[in-house]
>>> print(open('work.txt').read())   # compact mmCIF, C-alpha atoms
# COMPACT_ATOMS: atom_id res chain seq x y z
CA MET O 1 -0.05 14.80 -22.58
CA THR O 2 -1.21 13.65 -19.15
CA GLU O 3 0.59 10.58 -17.89
CA PRO O 4 -1.73 7.57 -17.58
CA GLY O 5 -2.62 6.40 -14.10
CA PHE O 6 -3.28 2.80 -13.22
CA THR O 7 -2.95 0.34 -16.08
CA PRO O 8 -4.48 -3.03 -15.24
CA PRO O 9 -2.16 -5.97 -15.83
CA PRO O 10 -3.29 -8.75 -18.16
CA TYR O 11 -5.73 -11.12 -16.54
CA PRO O 12 -3.64 -14.14 -15.45
CA TYR O 13 -5.40 -16.80 -17.49
CA GLU O 14 -5.24 -14.73 -20.67
CA LYS O 15 -1.52 -15.54 -20.72
CA LEU O 16 -2.34 -19.14 -21.58
CA SER O 17 -3.62 -18.52 -25.12
CA GLY O 18 -0.53 -19.92 -26.87
CA ILE O 19 -0.44 -23.10 -24.79
CA SER O 20 -4.22 -23.44 -25.17
CA ALA O 21 -3.87 -23.41 -28.96
CA LEU O 22 -1.21 -26.13 -28.76
CA ALA O 23 -3.46 -28.32 -26.61
CA ASP O 24 -6.39 -27.83 -28.96
CA GLU O 25 -4.47 -29.33 -31.88
CA HIS O 26 -5.22 -32.83 -30.60
CA PRO O 27 -8.06 -34.81 -32.20
CA GLY O 28 -10.95 -34.40 -29.79
CA GLY O 29 -9.71 -30.99 -28.71
CA ILE O 30 -8.37 -29.42 -25.58
CA VAL O 31 -9.09 -30.71 -22.07
CA ASP O 32 -9.05 -27.48 -20.11
CA CYS O 33 -8.06 -27.96 -16.47
CA SER O 34 -6.61 -24.48 -16.04
CA VAL O 35 -9.55 -22.69 -14.39
CA GLY O 36 -11.60 -24.00 -11.45
CA THR O 37 -14.95 -23.73 -13.22
CA PRO O 38 -17.36 -26.52 -12.18
CA CYS O 39 -18.69 -28.66 -15.02
CA ASP O 40 -21.24 -30.77 -13.15
CA PRO O 41 -24.93 -29.79 -12.88
CA PRO O 42 -26.37 -28.06 -9.81
CA PRO O 43 -29.35 -29.64 -8.05
CA HIS O 44 -32.62 -29.59 -9.99
CA GLU O 45 -34.44 -28.07 -7.00
CA VAL O 46 -32.08 -25.11 -7.01
CA ILE O 47 -32.75 -24.39 -10.69
CA GLU O 48 -36.47 -24.68 -10.05
CA ALA O 49 -36.23 -22.11 -7.27
CA LEU O 50 -34.16 -19.83 -9.48
CA GLY O 51 -36.80 -19.86 -12.20
CA HIS O 52 -39.94 -19.68 -10.06
CA SER O 53 -39.16 -17.43 -7.10
CA GLY O 54 -41.37 -14.54 -8.20
CA LEU O 55 -38.71 -12.12 -6.91
CA GLU O 56 -37.68 -10.62 -10.23
CA ARG O 57 -39.61 -7.36 -9.95
CA GLY O 58 -38.42 -5.81 -6.72
CA TYR O 59 -35.02 -4.82 -5.45
CA PRO O 60 -33.40 -7.44 -3.21
CA THR O 61 -31.91 -6.56 0.14
CA SER O 62 -28.17 -5.97 0.09
CA GLN O 63 -27.61 -7.86 3.34
CA GLY O 64 -29.54 -10.84 2.00
CA SER O 65 -33.03 -12.08 2.76
CA VAL O 66 -33.80 -13.65 6.11
CA ALA O 67 -34.34 -16.98 4.34
CA TYR O 68 -30.94 -16.80 2.64
CA ARG O 69 -29.11 -15.91 5.85
CA GLU O 70 -31.02 -18.50 7.88
CA ALA O 71 -30.03 -21.17 5.35
CA ALA O 72 -26.39 -20.04 5.57
CA ALA O 73 -26.52 -20.08 9.38
CA SER O 74 -28.08 -23.54 9.42
CA TRP O 75 -25.41 -24.83 7.03
CA MET O 76 -22.61 -23.45 9.24
CA ARG O 77 -24.22 -25.11 12.25
CA ARG O 78 -24.37 -28.47 10.44
CA ARG O 79 -20.99 -28.25 8.79
CA PHE O 80 -18.84 -26.60 11.46
CA GLY O 81 -20.88 -26.80 14.66
CA VAL O 82 -20.99 -23.01 15.08
CA ASP O 83 -23.94 -20.76 15.87
CA VAL O 84 -23.66 -17.45 14.03
CA PRO O 85 -26.28 -14.71 14.66
CA LEU O 86 -28.16 -13.59 11.54
CA ALA O 87 -27.08 -9.99 12.13
CA THR O 88 -23.47 -11.05 11.55
CA ILE O 89 -24.17 -12.73 8.19
CA ALA O 90 -24.48 -10.85 4.89
CA ALA O 91 -24.73 -11.81 1.24
CA CYS O 92 -22.12 -11.05 -1.41
CA VAL O 93 -22.26 -11.14 -5.19
CA GLY O 94 -19.91 -14.08 -5.46
CA THR O 95 -16.85 -14.16 -3.28
CA LYS O 96 -14.42 -12.96 -5.96
CA GLU O 97 -16.11 -9.55 -5.90
CA MET O 98 -15.93 -9.68 -2.12
CA VAL O 99 -12.21 -10.44 -2.20
CA ALA O 100 -11.50 -7.73 -4.76
CA SER O 101 -13.46 -4.92 -3.08
CA THR O 102 -13.03 -5.42 0.66
CA ALA O 103 -9.56 -3.89 1.06
CA HIS O 104 -10.72 -0.64 -0.54
CA PHE O 105 -13.85 -0.50 1.60
CA LEU O 106 -12.00 -1.24 4.83
CA SER O 107 -9.36 1.38 4.06
CA LEU O 108 -12.11 4.01 4.25
CA ARG O 109 -12.67 2.93 7.85
CA HIS O 110 -8.95 2.71 8.72
CA PRO O 111 -7.17 5.31 6.56
CA THR O 112 -3.87 4.98 8.46
CA LYS O 113 -3.59 1.28 7.56
CA SER O 114 -1.81 0.70 4.26
CA ALA O 115 -0.97 -3.00 3.90
CA VAL O 116 -2.89 -6.12 2.88
CA LEU O 117 -1.31 -9.42 3.91
CA TYR O 118 -1.97 -12.57 1.90
CA PRO O 119 -0.38 -16.00 1.29
CA ALA O 120 2.68 -15.83 -0.97
CA ILE O 121 1.24 -18.69 -3.03
CA SER O 122 -2.44 -17.95 -3.50
CA TYR O 123 -5.39 -16.90 -5.61
CA PRO O 124 -4.17 -13.73 -7.40
CA THR O 125 -7.18 -11.60 -6.46
CA TYR O 126 -5.92 -11.22 -2.88
CA ALA O 127 -2.92 -9.24 -4.11
CA MET O 128 -4.98 -7.42 -6.73
CA SER O 129 -7.43 -6.30 -4.03
CA ALA O 130 -4.63 -4.30 -2.42
CA VAL O 131 -3.61 -2.78 -5.76
CA LEU O 132 -7.20 -1.79 -6.55
CA GLY O 133 -7.47 -0.18 -3.12
CA GLY O 134 -4.25 1.81 -3.53
CA LEU O 135 -2.62 -0.25 -0.76
CA ASP O 136 0.55 -2.30 -0.39
CA ALA O 137 0.21 -5.99 -1.23
CA ILE O 138 2.47 -7.89 1.20
CA PRO O 139 2.95 -11.63 0.58
CA VAL O 140 3.36 -13.76 3.69
CA PRO O 141 5.62 -16.82 3.38
CA VAL O 142 3.88 -20.19 3.37
CA GLU O 143 5.54 -23.32 4.74
CA ALA O 144 3.87 -26.73 4.69
CA GLY O 145 0.61 -24.98 3.87
CA ARG O 146 0.76 -22.67 6.90
CA LEU O 147 0.91 -18.90 6.83
CA CYS O 148 4.16 -17.88 8.52
CA LEU O 149 2.67 -14.83 10.21
CA GLU O 150 5.44 -14.88 12.81
CA GLN O 151 7.75 -13.73 9.99
CA VAL O 152 5.75 -10.54 9.41
CA PRO O 153 7.86 -7.61 10.69
CA ASP O 154 6.32 -5.54 13.47
CA GLU O 155 6.39 -2.45 11.24
CA VAL O 156 4.28 -4.25 8.64
CA ALA O 157 1.91 -5.73 11.21
CA ASP O 158 1.36 -2.26 12.69
CA ARG O 159 0.10 -0.91 9.36
CA ALA O 160 -1.72 -4.05 8.22
CA LEU O 161 -5.36 -3.42 7.34
CA MET O 162 -6.27 -7.09 6.98
CA VAL O 163 -4.86 -10.53 6.34
CA TRP O 164 -6.29 -13.09 3.93
CA SER O 165 -6.27 -16.78 4.81
CA ASN O 166 -7.34 -19.51 2.38
CA SER O 167 -7.89 -23.03 3.68
CA PRO O 168 -8.22 -25.40 1.86
CA SER O 169 -5.82 -23.49 -0.34
CA ASN O 170 -6.18 -22.54 -3.96
CA PRO O 171 -3.84 -23.61 -5.59
CA THR O 172 -2.00 -26.00 -3.24
CA GLY O 173 -4.89 -27.80 -1.54
CA ASP O 174 -3.15 -27.41 1.83
CA LEU O 175 -4.92 -26.83 5.14
CA ASP O 176 -3.87 -24.09 7.54
CA ASP O 177 -4.16 -23.86 11.32
CA LEU O 178 -7.04 -21.38 11.48
CA ALA O 179 -6.93 -21.10 15.28
CA ARG O 180 -3.36 -19.86 15.05
CA VAL O 181 -4.24 -17.39 12.27
CA ALA O 182 -7.13 -15.99 14.32
CA GLU O 183 -4.89 -15.69 17.37
CA TRP O 184 -2.26 -13.74 15.43
CA GLY O 185 -4.87 -11.37 14.02
CA ARG O 186 -6.33 -10.60 17.43
CA ALA O 187 -2.91 -10.15 19.00
CA HIS O 188 -1.97 -7.59 16.34
CA ASP O 189 -5.41 -5.96 15.94
CA VAL O 190 -5.58 -7.06 12.28
CA VAL O 191 -8.88 -8.41 11.02
CA VAL O 192 -8.55 -11.85 9.42
CA PHE O 193 -10.59 -12.70 6.33
CA SER O 194 -10.76 -16.47 5.93
CA ASP O 195 -11.67 -17.57 2.40
CA GLU O 196 -13.30 -20.96 2.97
CA CYS O 197 -14.96 -21.58 -0.37
CA TYR O 198 -13.47 -25.11 -0.63
CA ALA O 199 -14.35 -26.17 2.92
CA ASP O 200 -16.90 -28.76 1.74
CA PHE O 201 -14.09 -30.43 -0.21
CA THR O 202 -11.80 -31.17 2.72
CA TRP O 203 -10.17 -34.58 2.38
CA SER O 204 -7.91 -34.61 5.44
CA GLY O 205 -10.26 -34.74 8.42
CA ARG O 206 -13.42 -32.70 8.79
CA PRO O 207 -14.17 -29.29 7.25
CA ARG O 208 -12.98 -26.35 9.36
CA SER O 209 -13.94 -22.70 9.73
CA ILE O 210 -12.17 -19.87 11.49
CA LEU O 211 -15.52 -19.09 13.14
CA GLU O 212 -15.04 -22.16 15.34
CA HIS O 213 -12.54 -20.01 17.23
CA GLY O 214 -14.91 -17.11 17.91
CA LEU O 215 -16.26 -14.21 15.86
CA GLU O 216 -14.11 -11.40 17.24
CA GLY O 217 -11.70 -10.01 14.67
CA VAL O 218 -12.41 -12.62 11.99
CA VAL O 219 -14.67 -12.88 8.95
CA ALA O 220 -15.32 -16.11 7.06
CA VAL O 221 -16.15 -15.88 3.36
CA HIS O 222 -18.18 -18.64 1.68
CA SER O 223 -19.47 -19.30 -1.82
CA LEU O 224 -22.00 -21.46 -3.64
CA SER O 225 -19.81 -21.52 -6.75
CA LYS O 226 -17.85 -24.65 -5.82
CA ARG O 227 -20.10 -26.23 -3.20
CA SER O 228 -23.18 -26.41 -5.42
CA ASN O 229 -21.80 -25.89 -8.96
CA LEU O 230 -23.37 -22.42 -9.09
CA ALA O 231 -20.45 -20.28 -10.23
CA GLY O 232 -22.65 -18.69 -12.87
CA VAL O 233 -25.20 -17.21 -10.46
CA ARG O 234 -22.64 -15.30 -8.31
CA ALA O 235 -23.74 -15.88 -4.74
CA GLY O 236 -21.95 -16.20 -1.43
CA PHE O 237 -21.91 -14.73 2.05
CA TYR O 238 -19.57 -13.40 4.70
CA ALA O 239 -19.97 -13.80 8.43
CA GLY O 240 -18.14 -13.06 11.65
CA ASP O 241 -16.95 -9.99 13.55
CA PRO O 242 -20.12 -7.92 14.19
CA ALA O 243 -18.59 -4.46 13.71
CA THR O 244 -16.74 -5.42 10.53
CA VAL O 245 -19.72 -7.17 8.98
CA GLU O 246 -22.00 -4.24 9.80
CA PHE O 247 -19.57 -1.69 8.33
CA LEU O 248 -19.23 -3.67 5.12
CA ARG O 249 -22.98 -4.25 4.96
CA VAL O 250 -23.69 -0.53 4.97
CA VAL O 251 -20.91 0.41 2.55
CA ARG O 252 -21.90 -2.36 0.16
CA GLN O 253 -25.54 -1.25 0.38
CA HIS O 254 -24.51 2.25 -0.65
CA SER O 255 -22.54 0.71 -3.53
CA GLY O 256 -25.57 -1.17 -4.84
CA LEU O 257 -24.00 -4.58 -4.33
CA MET O 258 -27.00 -6.92 -4.20
CA VAL O 259 -27.41 -10.63 -4.88
CA PRO O 260 -30.47 -10.85 -7.18
CA GLY O 261 -33.66 -11.97 -5.47
CA PRO O 262 -34.12 -15.16 -7.54
CA VAL O 263 -30.51 -16.09 -6.84
CA GLN O 264 -31.06 -15.65 -3.11
CA ALA O 265 -34.10 -17.92 -3.29
CA ALA O 266 -32.08 -20.56 -5.13
CA GLY O 267 -29.15 -20.11 -2.76
CA ALA O 268 -31.36 -20.75 0.26
CA VAL O 269 -32.41 -24.07 -1.30
CA ALA O 270 -28.79 -24.98 -2.04
CA TYR O 271 -27.56 -24.21 1.49
CA SER O 272 -30.44 -26.25 2.93
CA ASP O 273 -29.31 -29.46 1.24
CA ASP O 274 -26.13 -31.45 1.86
CA ALA O 275 -26.90 -34.58 -0.15
CA HIS O 276 -25.85 -33.08 -3.49
CA VAL O 277 -22.57 -31.96 -1.92
CA GLU O 278 -21.80 -35.48 -0.75
CA VAL O 279 -22.33 -36.71 -4.30
CA GLN O 280 -20.03 -34.00 -5.66
CA ARG O 281 -17.39 -34.82 -3.05
CA GLY O 282 -17.31 -38.38 -4.31
CA ILE O 283 -16.97 -37.23 -7.92
CA TYR O 284 -14.08 -34.87 -7.20
CA LEU O 285 -12.25 -37.38 -5.04
CA GLU O 286 -12.55 -40.02 -7.78
CA ARG O 287 -11.22 -37.57 -10.37
CA LEU O 288 -8.34 -36.47 -8.15
CA ARG O 289 -7.27 -40.06 -7.63
CA LEU O 290 -7.66 -40.88 -11.32
CA VAL O 291 -5.47 -38.01 -12.48
CA SER O 292 -2.96 -38.34 -9.66
CA ASP O 293 -2.43 -42.03 -10.42
CA ALA O 294 -2.12 -41.41 -14.17
CA LEU O 295 0.39 -38.58 -13.75
CA ARG O 296 2.51 -40.72 -11.45
CA GLY O 297 2.28 -43.54 -13.98
CA ALA O 298 3.64 -41.13 -16.60
CA GLY O 299 6.64 -40.29 -14.42
CA TYR O 300 5.42 -37.12 -12.71
CA GLU O 301 4.93 -36.44 -9.01
CA ALA O 302 1.27 -35.75 -8.22
CA PRO O 303 0.47 -35.82 -4.49
CA MET O 304 -3.15 -35.82 -3.40
CA PRO O 305 -4.27 -32.56 -1.73
CA GLU O 306 -5.59 -32.12 1.79
CA GLY O 307 -8.55 -30.24 0.34
CA ALA O 308 -10.05 -28.55 -2.76
CA PHE O 309 -10.13 -30.08 -6.24
CA TYR O 310 -6.67 -29.14 -7.50
CA LEU O 311 -3.46 -31.09 -7.96
CA TRP O 312 -0.37 -28.99 -7.23
CA VAL O 313 2.18 -30.81 -9.34
CA PRO O 314 5.94 -30.21 -9.09
CA VAL O 315 7.81 -29.44 -12.31
CA PRO O 316 9.88 -32.49 -13.37
CA GLY O 317 13.65 -32.19 -13.29
CA HIS O 318 14.12 -32.02 -17.05
CA LEU O 319 12.11 -28.78 -17.28
CA ASP O 320 12.83 -25.29 -15.94
CA ASP O 321 9.45 -24.00 -14.75
CA GLY O 322 5.68 -24.33 -14.81
CA TRP O 323 5.37 -22.76 -18.25
CA GLU O 324 7.56 -25.42 -19.81
CA PHE O 325 5.66 -28.11 -17.91
CA ALA O 326 2.30 -26.71 -19.04
CA GLU O 327 3.55 -26.73 -22.63
CA GLU O 328 4.70 -30.35 -22.30
CA LEU O 329 1.32 -31.48 -20.97
CA ALA O 330 -0.45 -29.56 -23.74
CA ARG O 331 1.75 -31.17 -26.39
CA ARG O 332 1.59 -34.70 -24.98
CA ALA O 333 -2.01 -34.87 -23.82
CA GLY O 334 -3.96 -31.82 -25.00
CA LEU O 335 -4.22 -31.00 -21.29
CA LEU O 336 -4.24 -27.32 -20.29
CA VAL O 337 -3.01 -26.53 -16.77
CA SER O 338 -2.02 -23.32 -15.00
CA PRO O 339 1.68 -22.51 -14.48
CA GLY O 340 2.30 -22.04 -10.78
CA ASP O 341 3.69 -18.52 -10.99
CA LEU O 342 0.17 -17.27 -11.76
CA TYR O 343 -0.29 -17.71 -8.01
CA GLY O 344 2.89 -15.87 -7.01
CA PRO O 345 6.60 -16.15 -7.88
CA GLU O 346 7.11 -18.91 -5.33
CA GLY O 347 4.73 -21.10 -7.32
CA ALA O 348 7.04 -21.19 -10.35
CA PRO O 349 8.23 -24.79 -9.74
CA PHE O 350 4.65 -26.13 -9.97
CA VAL O 351 1.54 -26.32 -12.12
CA ARG O 352 -2.05 -26.42 -10.92
CA LEU O 353 -4.46 -28.92 -12.44
CA ALA O 354 -8.18 -28.51 -11.71
CA VAL O 355 -10.22 -31.72 -12.03
CA VAL O 356 -13.23 -29.81 -13.32
CA GLN O 357 -13.69 -31.60 -16.63
CA PRO O 358 -16.09 -34.54 -17.02
CA THR O 359 -14.41 -37.81 -16.13
CA GLU O 360 -14.51 -39.05 -19.72
CA ARG O 361 -12.65 -35.93 -20.89
CA LEU O 362 -10.01 -36.42 -18.22
CA GLU O 363 -9.67 -40.05 -19.31
CA LEU O 364 -9.16 -38.90 -22.90
CA ALA O 365 -6.29 -36.63 -21.90
CA LEU O 366 -4.76 -39.30 -19.67
CA GLU O 367 -4.95 -41.88 -22.46
CA ARG O 368 -3.10 -39.48 -24.76
CA LEU O 369 -0.51 -38.94 -22.05
CA ALA O 370 0.03 -42.67 -21.55
CA HIS O 371 0.64 -43.19 -25.28
CA SER O 372 2.80 -40.13 -25.92
CA ALA O 373 6.56 -39.95 -26.01
>>> encode(input="work.txt", output="C-alpha cells")
Amino acid sequence: MTEPGFTPPPYPYEKLSGISALADEHPGGIVDCSVGTPCDPPPHEVIEALGHSGLERGYPTSQGSVAYREAAASWMRRRFGVDVPLATIAACVGTKEMVASTAHFLSLRHPTKSAVLYPAISYPTYAMSAVLGGLDAIPVPVEAGRLCLEQVPDEVADRALMVWSNSPSNPTGDLDDLARVAEWGRAHDVVVFSDECYADFTWSGRPRSILEHGLEGVVAVHSLSKRSNLAGVRAGFYAGDPATVEFLRVVRQHSGLMVPGPVQAAGAVAYSDDAHVEVQRGIYLERLRLVSDALRGAGYEAPMPEGAFYLWVPVPGHLDDGWEFAEELARRAGLLVSPGDLYGPEGAPFVRLAVVQPTERLELALERLAHSA
C-alpha cells in the first residue's frame, strides 16, 4: 500500500471542544472568546452596497476594481500618510487565504529559497503557509513584542524566501518596530510581508504601516474583517513592492482568486468611511478595560495590549499551562479562551482572550467569575 503523503494536522481551535463543553454547562451558556470573530454589525451603507451593486453577473477583476483600489489607497493616505500607486495595490480573498498561499506562490519565483520566517508567538497560519508550500517554517524569537531578526543565522537568512511581521500582534497585542523589520529585509534581500489587519485598533500611539518606510522589498497586507466587521465577506488587499505585487497579481489571476464584484463594491464603501471604525475602536477599548479590570479583580494578571482586541493573560502560579488556565476559566465563568500554545510553544504560559462578544455577554461571564470559588 502506498504510504500517505501530507496529513493535515487538526485545526487549532478544534482542540477546544472538551473545554467548550465544560463552559457551556453554565446557565446562559458559553461566552466564547476563543476566536477573533467580530460580533458587532458592519455599517448599513456597506450592506446596502453589497446587495445593490449590480455586479453579480460578470466576473470581477482579480487585481480588484479601480474603485476598490482607489478606496484602499485613500484609506492608507488618511490612516498612515502614505501615497501608494494603484498599480501596487491588489485585492485578496480575505487575508487568511493570502497568508496561507503566498509562500507557495513566491517559491515558484525563487525555487532556491526554502525557508519562511515568522514570529515564534503568532497566528498559526504563518507557519502553516510554509508547510503547505513544502518549505521550512522557521520561528523567529520575539522579545518585548519585537522580532529578534538579528538572531537569525546567516545560513537561514540566505535561504529565506520571506519573513512575516504582525503588528499589532495576534495574539499578544504588541507593536513591533516596522522600520527595523524593513531594514533587515532589505539588507538580507528577503521580502517582508507585514500583516497589519489590526492597525486601526492601535492603542499605543498612532496606527503604523511598514509602507511608511518605502515600498521596496515590503508588502503590507490589510483586511476588512476586523476593521469593518466584515469577516464573512472575505475581502482585503495587499500593497507595496511593485515587482512582488505584480508577480502575485498574475499568479493569483491564473489561480482564479477573485474577490466577488458585490464584495468589492461594499469594500470600497467601507474603506471610504472612518466614522464607523472610530465607534468600533471605542467599543473594543471599553471591553478590553472591562475584562482586564475584572480579571485583575479575580486575582489574575491581565495587562492591556498596545493594539488589537486581545488580552494576552499569563497563567497564574497555581496552574501549569494555558490548557489548565482555559479549563479553570471555563469552569468558573463559562468563558472560553485560547491556550497560548496554539500560537507556538513559547505561548504555553499564556491564554488569549478575544473581546469579541457583546458587552452584556462579557459581563455575564465576569459576574460568574466574581462569584465563583
>>> residues_near_point(input="work.txt", point="(4.2, -25.4, -5.0)", cutoff="9 Å", atoms="all atoms listed in the file", output="tab-separated table (two decimals) with C-alpha atoms, keeping the file's coordinate frame")
chain	number	residue	atom	x	y	z
O	121	ILE	CA	1.24	-18.69	-3.03
O	171	PRO	CA	-3.84	-23.61	-5.59
O	172	THR	CA	-2.00	-26.00	-3.24
O	312	TRP	CA	-0.37	-28.99	-7.23
O	313	VAL	CA	2.18	-30.81	-9.34
O	314	PRO	CA	5.94	-30.21	-9.09
O	340	GLY	CA	2.30	-22.04	-10.78
O	346	GLU	CA	7.11	-18.91	-5.33
O	347	GLY	CA	4.73	-21.10	-7.32
O	348	ALA	CA	7.04	-21.19	-10.35
O	349	PRO	CA	8.23	-24.79	-9.74
O	350	PHE	CA	4.65	-26.13	-9.97
O	351	VAL	CA	1.54	-26.32	-12.12
O	352	ARG	CA	-2.05	-26.42	-10.92
>>> atom_distance(input="work.txt", atom1="atom CA of Ala49 of chain O", atom2="atom CA of Val66 of chain O")
16.0 Å
>>> closest_residue(input="work.txt", among="O:His276, O:His213, O:Arg206, O:Arg332", to="Arg186 of chain O", atoms="only C-alpha atoms")
O:His213
>>> atom_distance(input="work.txt", atom1="atom CA of Ala326 of chain O", atom2="atom CA of Leu295 of chain O")
13.1 Å
>>> axis_aligned_box(input="work.txt", around="segment 240-257 of chain O", padding_each_side="4 Å", output="lines of an AutoDock Vina configuration file")
center_x = -21.2
center_y = -5.4
center_z = 4.7
size_x = 16.8
size_y = 23.3
size_z = 27.0
>>> residues_around(input="work.txt", residues="segment 137-151 of chain O", least_positions_apart="6", cutoff="9 Å", atoms="all atoms listed in the file", output="PyMOL selection string")
chain O and resi 114-121+126-131+165+167+169+172-177+181+184+344
>>> write_last_selection(input="work.txt", atoms="C-alpha atoms", output="PDB file, in the coordinates of the input")
ATOM      1  CA  SER O 114      -1.810   0.700   4.260  1.00  0.00           C
ATOM      2  CA  ALA O 115      -0.970  -3.000   3.900  1.00  0.00           C
ATOM      3  CA  VAL O 116      -2.890  -6.120   2.880  1.00  0.00           C
ATOM      4  CA  LEU O 117      -1.310  -9.420   3.910  1.00  0.00           C
ATOM      5  CA  TYR O 118      -1.970 -12.570   1.900  1.00  0.00           C
ATOM      6  CA  PRO O 119      -0.380 -16.000   1.290  1.00  0.00           C
ATOM      7  CA  ALA O 120       2.680 -15.830  -0.970  1.00  0.00           C
ATOM      8  CA  ILE O 121       1.240 -18.690  -3.030  1.00  0.00           C
ATOM      9  CA  TYR O 126      -5.920 -11.220  -2.880  1.00  0.00           C
ATOM     10  CA  ALA O 127      -2.920  -9.240  -4.110  1.00  0.00           C
ATOM     11  CA  MET O 128      -4.980  -7.420  -6.730  1.00  0.00           C
ATOM     12  CA  SER O 129      -7.430  -6.300  -4.030  1.00  0.00           C
ATOM     13  CA  ALA O 130      -4.630  -4.300  -2.420  1.00  0.00           C
ATOM     14  CA  VAL O 131      -3.610  -2.780  -5.760  1.00  0.00           C
ATOM     15  CA  SER O 165      -6.270 -16.780   4.810  1.00  0.00           C
ATOM     16  CA  SER O 167      -7.890 -23.030   3.680  1.00  0.00           C
ATOM     17  CA  SER O 169      -5.820 -23.490  -0.340  1.00  0.00           C
ATOM     18  CA  THR O 172      -2.000 -26.000  -3.240  1.00  0.00           C
ATOM     19  CA  GLY O 173      -4.890 -27.800  -1.540  1.00  0.00           C
ATOM     20  CA  ASP O 174      -3.150 -27.410   1.830  1.00  0.00           C
ATOM     21  CA  LEU O 175      -4.920 -26.830   5.140  1.00  0.00           C
ATOM     22  CA  ASP O 176      -3.870 -24.090   7.540  1.00  0.00           C
ATOM     23  CA  ASP O 177      -4.160 -23.860  11.320  1.00  0.00           C
ATOM     24  CA  VAL O 181      -4.240 -17.390  12.270  1.00  0.00           C
ATOM     25  CA  TRP O 184      -2.260 -13.740  15.430  1.00  0.00           C
ATOM     26  CA  GLY O 344       2.890 -15.870  -7.010  1.00  0.00           C
TER      27      GLY O 344
END
>>> residues_around(input="work.txt", residues="segment 23-25 of chain O", least_positions_apart="5", cutoff="8 Å", atoms="all atoms listed in the file", output="number ranges by chain")
O: 30-31, 330-331, 333-336
>>> closest_residue(input="work.txt", among="O:Trp323, O:Trp164, O:Tyr13, O:Tyr271", to="Ser74 of chain O", atoms="all atoms listed in the file")
O:Tyr271
>>> atom_distance(input="work.txt", atom1="atom CA of Tyr238 of chain O", atom2="atom CA of Val219 of chain O")
6.5 Å
>>> residues_around(input="work.txt", residues="Ala308 of chain O", least_positions_apart="2", cutoff="9 Å", atoms="all atoms listed in the file", output="short mmCIF file (atom, residue, chain, number, x, y, z; two decimals) with C-alpha atoms, keeping the file's coordinate frame")
data_model
loop_
_atom_site.label_atom_id
_atom_site.label_comp_id
_atom_site.auth_asym_id
_atom_site.auth_seq_id
_atom_site.Cartn_x
_atom_site.Cartn_y
_atom_site.Cartn_z
CA SER O 167 -7.89 -23.03 3.68
CA PRO O 168 -8.22 -25.40 1.86
CA SER O 169 -5.82 -23.49 -0.34
CA ASN O 170 -6.18 -22.54 -3.96
CA PRO O 171 -3.84 -23.61 -5.59
CA THR O 172 -2.00 -26.00 -3.24
CA GLY O 173 -4.89 -27.80 -1.54
CA ASP O 174 -3.15 -27.41 1.83
CA CYS O 197 -14.96 -21.58 -0.37
CA TYR O 198 -13.47 -25.11 -0.63
CA ALA O 199 -14.35 -26.17 2.92
CA ASP O 200 -16.90 -28.76 1.74
CA PHE O 201 -14.09 -30.43 -0.21
CA THR O 202 -11.80 -31.17 2.72
CA TRP O 203 -10.17 -34.58 2.38
CA TYR O 284 -14.08 -34.87 -7.20
CA PRO O 305 -4.27 -32.56 -1.73
CA GLU O 306 -5.59 -32.12 1.79
CA TYR O 310 -6.67 -29.14 -7.50
CA LEU O 311 -3.46 -31.09 -7.96
#
>>> closest_residue(input="work.txt", among="O:Cys33, O:Arg227, O:Ala157, O:Val245", to="Val279 of chain O", atoms="only C-alpha atoms")
O:Arg227
